[in-house]
Structure formats: structure tokens, C-alpha cells
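Novice: For reference, this is my_file-v3.csv, and it has CSV, C-alpha atoms.
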chain,number,residue,atom,x,y,z
A,1,ILE,CA,36.7,-9.0,-1.6
A,2,LEU,CA,37.4,-11.6,-4.2
A,3,TYR,CA,41.0,-10.5,-4.8
A,4,GLU,CA,42.1,-12.6,-1.8
A,5,ASN,CA,40.7,-15.7,-3.4
A,6,ILE,CA,42.3,-15.0,-6.8
A,7,LEU,CA,45.7,-14.0,-5.4
A,8,SER,CA,45.9,-16.8,-2.8
A,9,SER,CA,45.7,-19.3,-5.5
A,10,CYS,CA,48.9,-17.8,-7.1
A,11,PHE,CA,51.0,-16.5,-4.2
A,12,SER,CA,51.6,-17.3,-0.6
A,13,GLU,CA,49.6,-15.9,2.3
A,14,TYR,CA,52.2,-13.3,3.2
A,15,ALA,CA,52.5,-12.1,-0.3
A,16,VAL,CA,48.7,-11.6,-0.5
A,17,ALA,CA,48.6,-9.7,2.8
A,18,TRP,CA,51.4,-7.5,1.7
A,19,TRP,CA,49.8,-6.7,-1.6
A,20,LEU,CA,46.5,-5.9,0.0
A,21,TYR,CA,48.2,-3.6,2.5
A,22,CYS,CA,50.0,-1.7,-0.2
A,23,TRP,CA,46.8,-1.5,-2.3
A,24,GLN,CA,44.8,-0.2,0.7
A,25,ALA,CA,47.6,2.3,1.6
A,26,SER,CA,47.4,3.8,-1.9
A,27,PHE,CA,43.7,4.4,-1.4
A,28,ARG,CA,44.3,5.9,2.1
A,29,ILE,CA,46.7,8.4,0.6
A,30,ALA,CA,44.5,9.3,-2.3
A,31,ASN,CA,41.0,9.4,-0.6
A,32,GLY,CA,42.0,11.4,2.5
A,33,GLY,CA,41.8,8.6,5.1
A,34,ARG,CA,39.2,6.3,3.5
A,35,CYS,CA,40.1,2.8,2.3
A,36,LEU,CA,38.3,-0.3,1.1
A,37,HIS,CA,37.3,-2.9,3.7
A,38,THR,CA,38.5,-6.1,2.1
A,39,SER,CA,37.6,-9.2,4.1
A,40,ALA,CA,35.3,-12.2,3.9
A,41,CYS,CA,31.7,-11.3,3.0
A,42,CYS,CA,30.4,-9.2,5.9
A,43,HIS,CA,26.8,-8.5,4.7
A,44,LYS,CA,26.4,-5.5,6.9
A,45,VAL,CA,22.9,-4.1,7.0
A,46,GLN,CA,22.6,-1.0,4.8
A,47,ALA,CA,18.8,-0.6,4.5
A,48,GLY,CA,17.4,2.8,5.3
A,49,ARG,CA,20.6,4.2,6.7
A,50,TYR,CA,22.5,7.3,5.6
A,51,ARG,CA,26.3,7.4,5.9
A,52,PRO,CA,27.4,10.3,8.0
A,53,SER,CA,29.3,12.9,6.0
A,54,PRO,CA,32.9,13.9,6.9
A,55,ARG,CA,32.0,17.3,8.3
A,56,GLY,CA,28.6,16.1,9.7
A,57,ASP,CA,26.6,18.7,7.6
A,58,ARG,CA,24.4,16.4,5.5
A,59,PRO,CA,20.8,17.6,5.8
A,60,LEU,CA,18.6,14.7,7.0
A,61,THR,CA,15.0,14.8,8.1
A,62,TYR,CA,14.0,13.1,11.4
A,63,GLU,CA,12.8,10.1,9.5
A,64,MET,CA,16.1,9.7,7.5
A,65,ALA,CA,18.2,10.3,10.6
A,66,ASN,CA,16.7,7.4,12.5
A,67,PRO,CA,17.5,3.9,11.1
A,68,PRO,CA,14.7,1.4,10.7
A,69,HIS,CA,15.4,-0.5,14.0
A,70,TYR,CA,13.9,2.5,15.8
A,71,ILE,CA,10.5,2.0,14.1
A,72,ALA,CA,8.3,1.2,17.0
A,73,SER,CA,10.1,3.4,19.5
A,74,ARG,CA,11.3,6.7,17.9
A,75,LYS,CA,9.7,6.4,14.5
A,76,SER,CA,6.2,5.3,13.4
A,77,TRP,CA,5.0,3.8,10.1
A,78,ASN,CA,4.3,5.5,6.8
A,79,SER,CA,1.2,3.5,5.9
A,80,TRP,CA,-1.4,2.8,8.5
A,81,ASN,CA,-3.8,-0.1,7.8
A,82,THR,CA,-5.0,-3.3,9.3
A,83,THR,CA,-3.6,-5.7,6.6
A,84,SER,CA,-0.7,-7.0,8.6
A,85,LEU,CA,-2.6,-7.6,11.8
A,86,GLU,CA,-3.6,-11.2,12.8
A,87,GLY,CA,-6.5,-11.9,10.6
A,88,GLY,CA,-5.9,-8.8,8.4
A,89,LEU,CA,-7.3,-8.9,4.8
A,90,ARG,CA,-5.8,-8.2,1.4
A,91,PRO,CA,-2.2,-7.3,2.4
A,92,ALA,CA,-0.8,-7.6,-1.1
A,93,ASP,CA,-3.4,-5.5,-2.8
A,94,THR,CA,-3.0,-2.8,-0.2
A,95,ALA,CA,0.7,-2.8,-0.6
A,96,ILE,CA,0.5,-2.3,-4.3
A,97,GLU,CA,-2.0,0.4,-4.0
A,98,ASP,CA,0.3,2.1,-1.5
A,99,ILE,CA,3.2,1.9,-4.0
A,100,PHE,CA,1.0,3.4,-6.7
A,101,ILE,CA,-0.2,6.2,-4.5
A,102,ARG,CA,3.3,7.1,-3.5
A,103,ARG,CA,4.6,7.2,-7.1
A,104,PHE,CA,1.6,9.2,-8.2
A,105,MET,CA,2.0,11.8,-5.4
A,106,THR,CA,5.7,12.3,-5.8
A,107,GLY,CA,5.2,12.6,-9.6
A,108,THR,CA,2.3,15.0,-9.5
A,109,TRP,CA,4.0,17.2,-6.8
A,110,HIS,CA,7.2,17.2,-8.6
A,111,SER,CA,10.1,17.8,-6.2
A,112,LEU,CA,7.7,19.5,-3.8
A,113,PHE,CA,7.3,16.8,-1.2
A,114,VAL,CA,9.7,17.3,1.7
A,115,SER,CA,8.6,14.4,3.9
A,116,GLU,CA,7.5,10.8,3.1
A,117,VAL,CA,3.9,10.3,1.8
A,118,ILE,CA,1.9,8.9,4.7
A,119,ILE,CA,-1.2,6.8,3.8
A,120,LYS,CA,-3.9,6.1,6.4
A,121,ARG,CA,-6.9,3.9,5.7
A,122,GLN,CA,-10.0,4.3,7.8
A,123,HIS,CA,-13.1,2.2,6.8
A,124,ASN,CA,-13.6,3.2,3.1
A,125,ILE,CA,-11.5,6.3,3.1
A,126,ILE,CA,-7.9,6.8,2.2
A,127,ARG,CA,-6.2,9.8,3.8
A,128,ILE,CA,-2.9,11.0,2.3
A,129,ALA,CA,-0.7,13.2,4.4
A,130,GLY,CA,2.6,14.8,4.0
A,131,ILE,CA,4.7,18.0,4.1
A,132,VAL,CA,5.0,20.1,0.9
A,133,ARG,CA,7.2,23.0,0.3
A,134,GLN,CA,5.8,26.3,-0.9
A,135,ALA,CA,7.4,26.6,-4.3
A,136,VAL,CA,4.2,27.0,-6.2
A,137,SER,CA,1.3,29.4,-5.5
A,138,ALA,CA,-1.6,28.5,-3.3
A,139,ARG,CA,-4.0,28.4,-6.3
A,140,LYS,CA,-1.9,25.8,-8.1
A,141,MET,CA,-1.7,23.8,-4.9
A,142,TYR,CA,-5.5,23.8,-4.6
A,143,PHE,CA,-5.8,22.6,-8.2
A,144,LEU,CA,-3.3,19.8,-7.6
A,145,ILE,CA,-5.1,18.7,-4.4
A,146,GLY,CA,-8.4,18.5,-6.3
A,147,TYR,CA,-6.8,16.8,-9.2
A,148,CYS,CA,-5.1,14.1,-7.0
A,149,GLU,CA,-8.2,13.5,-5.0
A,150,GLU,CA,-10.4,13.1,-8.1
A,151,LEU,CA,-8.1,10.8,-10.1
A,152,LEU,CA,-7.1,8.7,-7.1
A,153,SER,CA,-10.7,8.1,-6.1
A,154,TYR,CA,-11.5,7.0,-9.6
A,155,TRP,CA,-8.5,4.7,-9.8
A,156,LEU,CA,-8.9,3.2,-6.3
A,157,GLN,CA,-12.7,3.3,-6.2
A,158,CYS,CA,-13.0,4.8,-2.8
A,159,PRO,CA,-13.0,8.3,-1.3
A,160,VAL,CA,-9.5,9.8,-1.1
A,161,LYS,CA,-8.7,12.9,1.0
A,162,LEU,CA,-5.5,14.8,1.0
A,163,GLU,CA,-4.3,16.4,4.2
A,164,LEU,CA,-1.1,18.3,3.3
A,165,GLN,CA,0.9,20.7,5.3
A,166,SER,CA,3.2,23.2,3.7
A,167,VAL,CA,6.5,24.6,4.8
A,168,ALA,CA,8.4,27.6,3.5
A,169,GLU,CA,11.8,26.0,2.7
A,170,LYS,CA,13.3,22.5,2.8
A,171,GLU,CA,15.7,23.6,5.6
A,172,ASP,CA,12.7,23.8,8.0
A,173,VAL,CA,12.4,20.0,7.9
A,174,VAL,CA,16.0,19.2,8.5
A,175,PHE,CA,16.6,17.4,11.9
B,1,MET,CA,-43.1,-5.3,-24.2
B,2,LYS,CA,-43.3,-4.9,-20.5
B,3,THR,CA,-45.3,-2.1,-19.0
B,4,ALA,CA,-44.3,-0.7,-15.6
B,5,SER,CA,-47.0,-1.4,-13.0
B,6,THR,CA,-47.1,0.5,-9.8
B,7,CYS,CA,-48.4,-1.4,-6.7
B,8,LEU,CA,-49.7,0.5,-3.7
B,9,VAL,CA,-48.5,-0.8,-0.4
B,10,VAL,CA,-51.2,-0.3,2.3
B,11,HIS,CA,-50.0,-0.4,5.8
B,12,ASP,CA,-52.5,-2.1,8.1
B,13,ALA,CA,-53.6,0.2,11.0
B,14,ASP,CA,-53.0,-2.7,13.4
B,15,MET,CA,-49.3,-2.9,12.4
B,16,LEU,CA,-48.6,0.6,13.6
B,17,GLN,CA,-49.9,-0.2,17.1
B,18,VAL,CA,-47.5,-3.1,17.6
B,19,GLU,CA,-44.4,-1.9,19.4
B,20,GLU,CA,-41.1,-3.2,18.3
B,21,LYS,CA,-39.5,-4.4,21.4
B,22,ASP,CA,-35.9,-3.3,22.0
B,23,GLU,CA,-33.4,-6.2,22.3
B,24,LEU,CA,-31.5,-6.4,25.6
B,25,TYR,CA,-27.9,-7.2,25.7
B,26,ARG,CA,-26.4,-8.7,28.8
B,27,MET,CA,-22.8,-8.0,27.7
B,28,LEU,CA,-21.0,-6.2,24.9
B,29,GLU,CA,-17.3,-7.0,24.3
B,30,LEU,CA,-15.0,-4.9,22.2
B,31,GLU,CA,-11.7,-6.4,21.1
B,32,ALA,CA,-9.3,-3.9,19.6
B,33,LYS,CA,-6.0,-5.0,17.9
B,34,GLY,CA,-3.3,-2.9,16.4
B,35,HIS,CA,0.5,-2.5,16.0
B,36,ASP,CA,0.8,0.4,18.3
B,37,ALA,CA,0.0,-0.1,22.0
B,38,ALA,CA,-0.2,3.7,22.7
B,39,VAL,CA,-2.9,4.1,20.1
B,40,LEU,CA,-4.9,1.2,21.6
B,41,LYS,CA,-4.6,2.8,25.1
B,42,SER,CA,-5.9,6.1,23.9
B,43,TYR,CA,-8.7,4.4,22.0
B,44,GLU,CA,-9.7,2.6,25.2
B,45,TRP,CA,-9.8,6.0,27.1
B,46,PHE,CA,-12.0,7.4,24.3
B,47,VAL,CA,-14.4,4.4,24.3
B,48,THR,CA,-14.7,4.4,28.2
B,49,THR,CA,-15.3,8.2,28.3
B,50,ALA,CA,-18.1,7.8,25.6
B,51,ALA,CA,-19.6,4.9,27.6
B,52,ARG,CA,-19.6,7.1,30.7
B,53,GLU,CA,-21.5,9.8,28.8
B,54,PHE,CA,-24.0,7.3,27.7
B,55,ASP,CA,-24.4,6.0,31.3
B,56,ILE,CA,-23.3,2.5,30.2
B,57,LYS,CA,-22.1,0.2,32.9
B,58,ILE,CA,-18.4,-0.4,32.1
B,59,GLY,CA,-17.1,-3.9,32.9
B,60,LYS,CA,-13.6,-5.3,32.9
B,61,CYS,CA,-11.1,-3.5,30.6
B,62,TRP,CA,-7.8,-5.3,30.1
B,63,ALA,CA,-4.9,-5.8,27.7
B,64,LEU,CA,-2.6,-8.8,27.1
B,65,ARG,CA,0.7,-8.4,28.8
B,66,LYS,CA,2.7,-9.1,25.7
B,67,PRO,CA,1.8,-8.7,22.0
B,68,VAL,CA,1.4,-11.6,19.7
B,69,PHE,CA,4.5,-12.1,17.6
B,70,ASN,CA,4.7,-13.3,14.0
B,71,ARG,CA,8.4,-13.9,13.4
B,72,MET,CA,10.1,-14.7,10.1
B,73,THR,CA,13.7,-15.8,9.5
B,74,LEU,CA,14.6,-15.2,5.9
B,75,LEU,CA,17.7,-15.3,3.8
B,76,LYS,CA,19.5,-12.0,3.8
B,77,SER,CA,20.9,-12.3,0.2
B,78,VAL,CA,19.1,-12.7,-3.1
B,79,HIS,CA,21.4,-15.6,-4.2
B,80,ILE,CA,23.3,-18.1,-1.9
B,81,TYR,CA,24.8,-17.2,1.5
B,82,LYS,CA,22.7,-19.5,3.5
B,83,LYS,CA,24.5,-18.7,6.7
B,84,HIS,CA,23.5,-15.1,6.7
B,85,ARG,CA,19.8,-14.6,7.6
B,86,VAL,CA,17.6,-11.7,8.6
B,87,GLN,CA,14.8,-11.8,11.1
B,88,TYR,CA,11.6,-9.8,10.9
B,89,GLU,CA,8.7,-9.7,13.4
B,90,ILE,CA,5.2,-8.3,13.3
B,91,ARG,CA,3.6,-7.5,16.7
B,92,THR,CA,-0.1,-7.4,17.3
B,93,HIS,CA,-1.3,-5.8,20.5
B,94,TYR,CA,-4.7,-6.6,22.0
B,95,ARG,CA,-7.1,-4.6,24.2
B,96,PHE,CA,-10.5,-5.9,25.5
B,97,MET,CA,-13.4,-3.8,26.9
B,98,GLN,CA,-16.6,-5.1,28.3
B,99,PHE,CA,-19.9,-3.3,28.9
B,100,HIS,CA,-22.9,-4.7,30.7
B,101,GLN,CA,-26.7,-4.4,30.5
B,102,LEU,CA,-27.4,-2.4,27.4
B,103,THR,CA,-30.6,-1.9,25.4
B,104,GLY,CA,-30.5,-2.5,21.7
B,105,SER,CA,-30.8,1.2,20.7
B,106,THR,CA,-28.2,2.3,23.1
B,107,ALA,CA,-25.8,-0.4,21.9
B,108,ASP,CA,-26.4,0.5,18.2
B,109,THR,CA,-25.8,4.2,18.8
B,110,PHE,CA,-22.8,3.7,21.0
B,111,LEU,CA,-21.2,1.2,18.6
B,112,GLU,CA,-21.8,3.4,15.6
B,113,TYR,CA,-20.2,6.4,17.4
B,114,VAL,CA,-17.2,4.3,18.5
B,115,GLN,CA,-16.8,2.6,15.1
B,116,ARG,CA,-16.9,5.8,13.1
B,117,ASN,CA,-14.0,7.2,15.2
B,118,LEU,CA,-11.9,4.1,15.0
B,119,PRO,CA,-8.3,5.1,14.3
B,120,GLU,CA,-6.5,3.9,11.3
B,121,GLY,CA,-4.5,0.7,11.8
B,122,ILE,CA,-6.8,-0.6,14.5
B,123,GLY,CA,-9.1,-3.5,14.0
B,124,LEU,CA,-12.3,-3.9,16.1
B,125,LYS,CA,-14.3,-7.0,16.8
B,126,VAL,CA,-17.6,-6.7,18.6
B,127,THR,CA,-19.3,-9.6,20.5
B,128,ARG,CA,-22.9,-9.2,21.7
B,129,VAL,CA,-24.6,-11.4,24.3
B,130,LEU,CA,-28.4,-11.3,23.9
B,131,ALA,CA,-30.7,-11.7,26.8
B,132,ARG,CA,-33.9,-13.5,25.8
B,133,SER,CA,-36.8,-14.9,27.7
B,134,LEU,CA,-37.3,-18.7,27.8
B,135,PRO,CA,-39.5,-20.0,24.9
B,136,SER,CA,-43.1,-20.9,26.0
B,137,HIS,CA,-42.7,-24.6,25.3
B,138,LEU,CA,-39.9,-25.0,27.9
B,139,VAL,CA,-41.7,-25.1,31.3
B,140,PRO,CA,-39.6,-25.4,34.5
B,141,PRO,CA,-40.4,-28.5,36.5
B,142,SER,CA,-43.0,-28.0,39.1
Would you write the structure of this file as C-alpha cells?

Specialist:
Amino acid sequence: ILYENILSSCFSEYAVAWWLYCWQASFRIANGGRCLHTSACCHKVQAGRYRPSPRGDRPLTYEMANPPHYIASRKSWNSWNTTSLEGGLRPADTAIEDIFIRRFMTGTWHSLFVSEVIIKRQHNIIRIAGIVRQAVSARKMYFLIGYCEELLSYWLQCPVKLELQSVAEKEDVVF
Amino acid sequence: MKTASTCLVVHDADMLQVEEKDELYRMLELEAKGHDAAVLKSYEWFVTTAAREFDIKIGKCWALRKPVFNRMTLLKSVHIYKKHRVQYEIRTHYRFMQFHQLTGSTADTFLEYVQRNLPEGIGLKVTRVLARSLPSHLVPPS
């Protein structure tokens, strides 16, 4: 992107364009059709989007497949609370608690969560939902559920309930 | 050193005969707000069904045609690039329900049931309008 600026100071416009064309052509040959997009700063939006793979076989969940501008129509939110309504209270504290809960859950259930961790707050209770794959035995899962509920309720000082659903393999969640 | 002293509370026999009169509400208004209009619509169905079971007179139930928008235009990049911005908006949908002529105990029971089953992400505001008799020192003109 900056090469244009550097080169244009030394050479003429045509020389710069020719150099860029040759450089891009070399990439095109080497990378099987892909080349760098060199132009002025485009600032395309990249948040929450997954690039489609060449053969179209990348496994994405429904949530990953729909970019964020579909949020109120095809997707819904991951954390449900009243903090961002008009007149909602403690938005920052709730957001930090959500971050902590998500990190705690993904860490405790190590590579077992197949979906996003969904956090719902009703009155005093925090309900945590999600889809987990059945890589550990049911006994261990029950222990982990009790452990998470106990520790999180001590940390957040309110009742915490886990409502998890399990799935046999990761492929069952692919959209 | 303090010694614990127990005191006996004796209820007067006359007190038990005095009936606690139930308060009367002329109108009860529920204002529900949330980010999802579909959730609000289903919550309204739930509340009106419960009111019908309680034999409560249901008044006007309406929603604002459009939600209330809170829009923010922020810089897209962390450093410089003032010409490139990104816009976010937060939508709050509203739903209003009115109920008429309730007694205090009915209102308390109904509201407790409705509030216990409030979905996550929905905020509820309750406005009660009491019906009271005129005070004795105010006499209408003869």
C-alpha cells in the first residue's frame, strides 16, 4: 500500500504502475490466482467475517457463517441483559463480568465448547448456556457443571445456573 | 457487660379485629422495553393471558411504531484516518399495557407472577394509580 508513495517519489507514474503490475503478476503465478490488492487505504470491514475457502469446505457454525450486520434479523445476541437499554444500569461492570465468564467457561471446558457461551441475566440469576461436545464422560461433565456454578457464584456474588446441551461431534454444529 | 434481655410482645385483642382494608387501584400500567420486538410481543401475549385468567379488565395495549435509536458515529481506525468512520446504533423497543380496576391483593399477586417470569433482556416499569376516598376535612360545597 505504501510502495506507491515510496516509488512515486523516485520514478514516474508509468514506471510505478508497471512495477506494481509485474510484482502482482509474480504473486498471481505463485499463489494460484491470488494477488495483493494494492491501492489507497480501503479500510474494508473485517470484523466477525470468515473468508470463504477456495473449495468452499471450511466448517462454520451458523453463528460464524452470518456476518454481524445480520444481528437483529438472522442472528441474536450472545449476552442478554438490560444494561444497554435506555436507562439501563451498570453496563461496564456487566460487560467485564461477561468477559470473565466467557474466559472462565472456555478455559474450564477446555476445547469442549462448540458454540458461543450465551449469558442471560434475569433478576439476580445468571444463566449460562452453550453447546458442548461429548468428549468427556457424563460424570466429569456433572463435576465440571457443579464446579463452575459454585466458583462463579462465589466470584460474582449471585446465583449462577448452567444450562448446557451436548452434541456427539463437532460436525453436528456445522452450518 | 451487656446481658441479652427478651421482651414479650403482647398483641392487643382489639388489633386483631381491625380489618386491613385492601387498596384499590384505578389503573395499572406496565411499560416493557427491550432490544427484540418479537420477545416483547410474546411477553405481552403472556401478560394478557395471565390477566384474563385473573379476570382482570385489560385496557389499551400498544407499542411505539418505531424503536428509540441511540446512534454513535465513531472513528474506524485506532490512529488517524478521520475520513473513515463507523456507525453503531442501539435500538430500544417499547410496549405498553394497561389494566383497570384492580384490588391491592390481586395487583400484588398478578405483578409478582408477571415479574418472576420476565424474560432476560426486558426491562419492566410499573405505574399504579390509587383510588382513595376524599379526606374528611374537604367538604363539597352545599

Novice: Using all atoms listed in the file, tabulate the residues of region 59-171 of chain A lying at most 8 Å from any atom of region 87-95 of chain B, each with its closest atom pair and that distance in Å to one decimal, by chain and increasing residue number, as JSON lines.

Specialist:
{"residue": "A:Ser84", "atom": "CA", "partner": "B:Ile90", "partner_atom": "CA", "distance": 7.7}
{"residue": "A:Leu85", "atom": "CA", "partner": "B:Thr92", "partner_atom": "CA", "distance": 6.0}
{"residue": "A:Glu86", "atom": "CA", "partner": "B:Thr92", "partner_atom": "CA", "distance": 6.9}

Novice: Place a sphere of radius 10 Å on (4.9, 10.0, 12.7) in the file coordinates and name every protein, DNA or RNA residue with an atom inside or on its surface, counting only C-alpha atoms; give the answer as a ChimeraX atom specification.

Specialist: /A:62-63,71,74-78,116,118

Novice: Just how far from CA of Arg133 (chain A) is CA of Glu169 (chain A), in Å to one decimal?

Specialist: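 Separation of CA of Glu169 (chain A) and CA of Arg133 (chain A): 6.0 Å.
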
Novice: Give me, as a list in words, the contact residues of chain A against chain B at a cut-off of 8 Å, counting all atoms listed in the file.

Specialist: His43, Ala72, Trp80, Asn81, Thr82, Ser84, Leu85, Glu86, Lys120, Arg121 and Gln122 of chain A

Novice: Write out as a short mmCIF file (atom, residue, chain, number, x, y, z; two decimals) with C-alpha atoms, in the frame of the given file the residues lying within 12 Å of Val47 (chain B), counting only C-alpha atoms and excluding same-chain residues fewer than 4 positions away.

Specialist:
data_model
loop_
_atom_site.label_atom_id
_atom_site.label_comp_id
_atom_site.auth_asym_id
_atom_site.auth_seq_id
_atom_site.Cartn_x
_atom_site.Cartn_y
_atom_site.Cartn_z
CA GLU B 29 -17.30 -7.00 24.30
CA LEU B 30 -15.00 -4.90 22.20
CA GLU B 31 -11.70 -6.40 21.10
CA ALA B 32 -9.30 -3.90 19.60
CA LEU B 40 -4.90 1.20 21.60
CA LYS B 41 -4.60 2.80 25.10
CA SER B 42 -5.90 6.10 23.90
CA TYR B 43 -8.70 4.40 22.00
CA ALA B 51 -19.60 4.90 27.60
CA ARG B 52 -19.60 7.10 30.70
CA GLU B 53 -21.50 9.80 28.80
CA PHE B 54 -24.00 7.30 27.70
CA ILE B 56 -23.30 2.50 30.20
CA ILE B 58 -18.40 -0.40 32.10
CA CYS B 61 -11.10 -3.50 30.60
CA ARG B 95 -7.10 -4.60 24.20
CA PHE B 96 -10.50 -5.90 25.50
CA MET B 97 -13.40 -3.80 26.90
CA GLN B 98 -16.60 -5.10 28.30
CA PHE B 99 -19.90 -3.30 28.90
CA PHE B 110 -22.80 3.70 21.00
CA LEU B 111 -21.20 1.20 18.60
CA GLU B 112 -21.80 3.40 15.60
CA TYR B 113 -20.20 6.40 17.40
CA VAL B 114 -17.20 4.30 18.50
CA GLN B 115 -16.80 2.60 15.10
CA ARG B 116 -16.90 5.80 13.10
CA ASN B 117 -14.00 7.20 15.20
CA LEU B 118 -11.90 4.10 15.00
CA PRO B 119 -8.30 5.10 14.30
CA LEU B 124 -12.30 -3.90 16.10
#

Novice: CA of Thr94 (chain A) and CA of Arg71 (chain B) are how many Å apart?

Specialist: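 Separating CA of Thr94 (chain A) from CA of Arg71 (chain B) is a distance of 20.9 Å.
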
Novice: What is the CA of Glu149 (chain A) to CA of Trp109 (chain A) distance in Å?

Specialist: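 Computing the Euclidean distance for CA of Glu149 (chain A) and CA of Trp109 (chain A) yields 12.9 Å.
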
Novice: Residues proximal to (5.5, 6.3, -2.3) were defined as those with any atom within 10 Å of that point in the file's coordinates, counting all atoms listed in the file. Which are they, as a ChimeraX atom specification?

Specialist: /A:78-79,97-107,116-119

Novice: Go ahead and write the selection's residues with C-alpha atoms as a compact mmCIF listing (two decimals), in the frame of the given file.

Specialist:
# COMPACT_ATOMS: atom_id res chain seq x y z
CA ASN A 78 4.30 5.50 6.80
CA SER A 79 1.20 3.50 5.90
CA GLU A 97 -2.00 0.40 -4.00
CA ASP A 98 0.30 2.10 -1.50
CA ILE A 99 3.20 1.90 -4.00
CA PHE A 100 1.00 3.40 -6.70
CA ILE A 101 -0.20 6.20 -4.50
CA ARG A 102 3.30 7.10 -3.50
CA ARG A 103 4.60 7.20 -7.10
CA PHE A 104 1.60 9.20 -8.20
CA MET A 105 2.00 11.80 -5.40
CA THR A 106 5.70 12.30 -5.80
CA GLY A 107 5.20 12.60 -9.60
CA GLU A 116 7.50 10.80 3.10
CA VAL A 117 3.90 10.30 1.80
CA ILE A 118 1.90 8.90 4.70
CA ILE A 119 -1.20 6.80 3.80
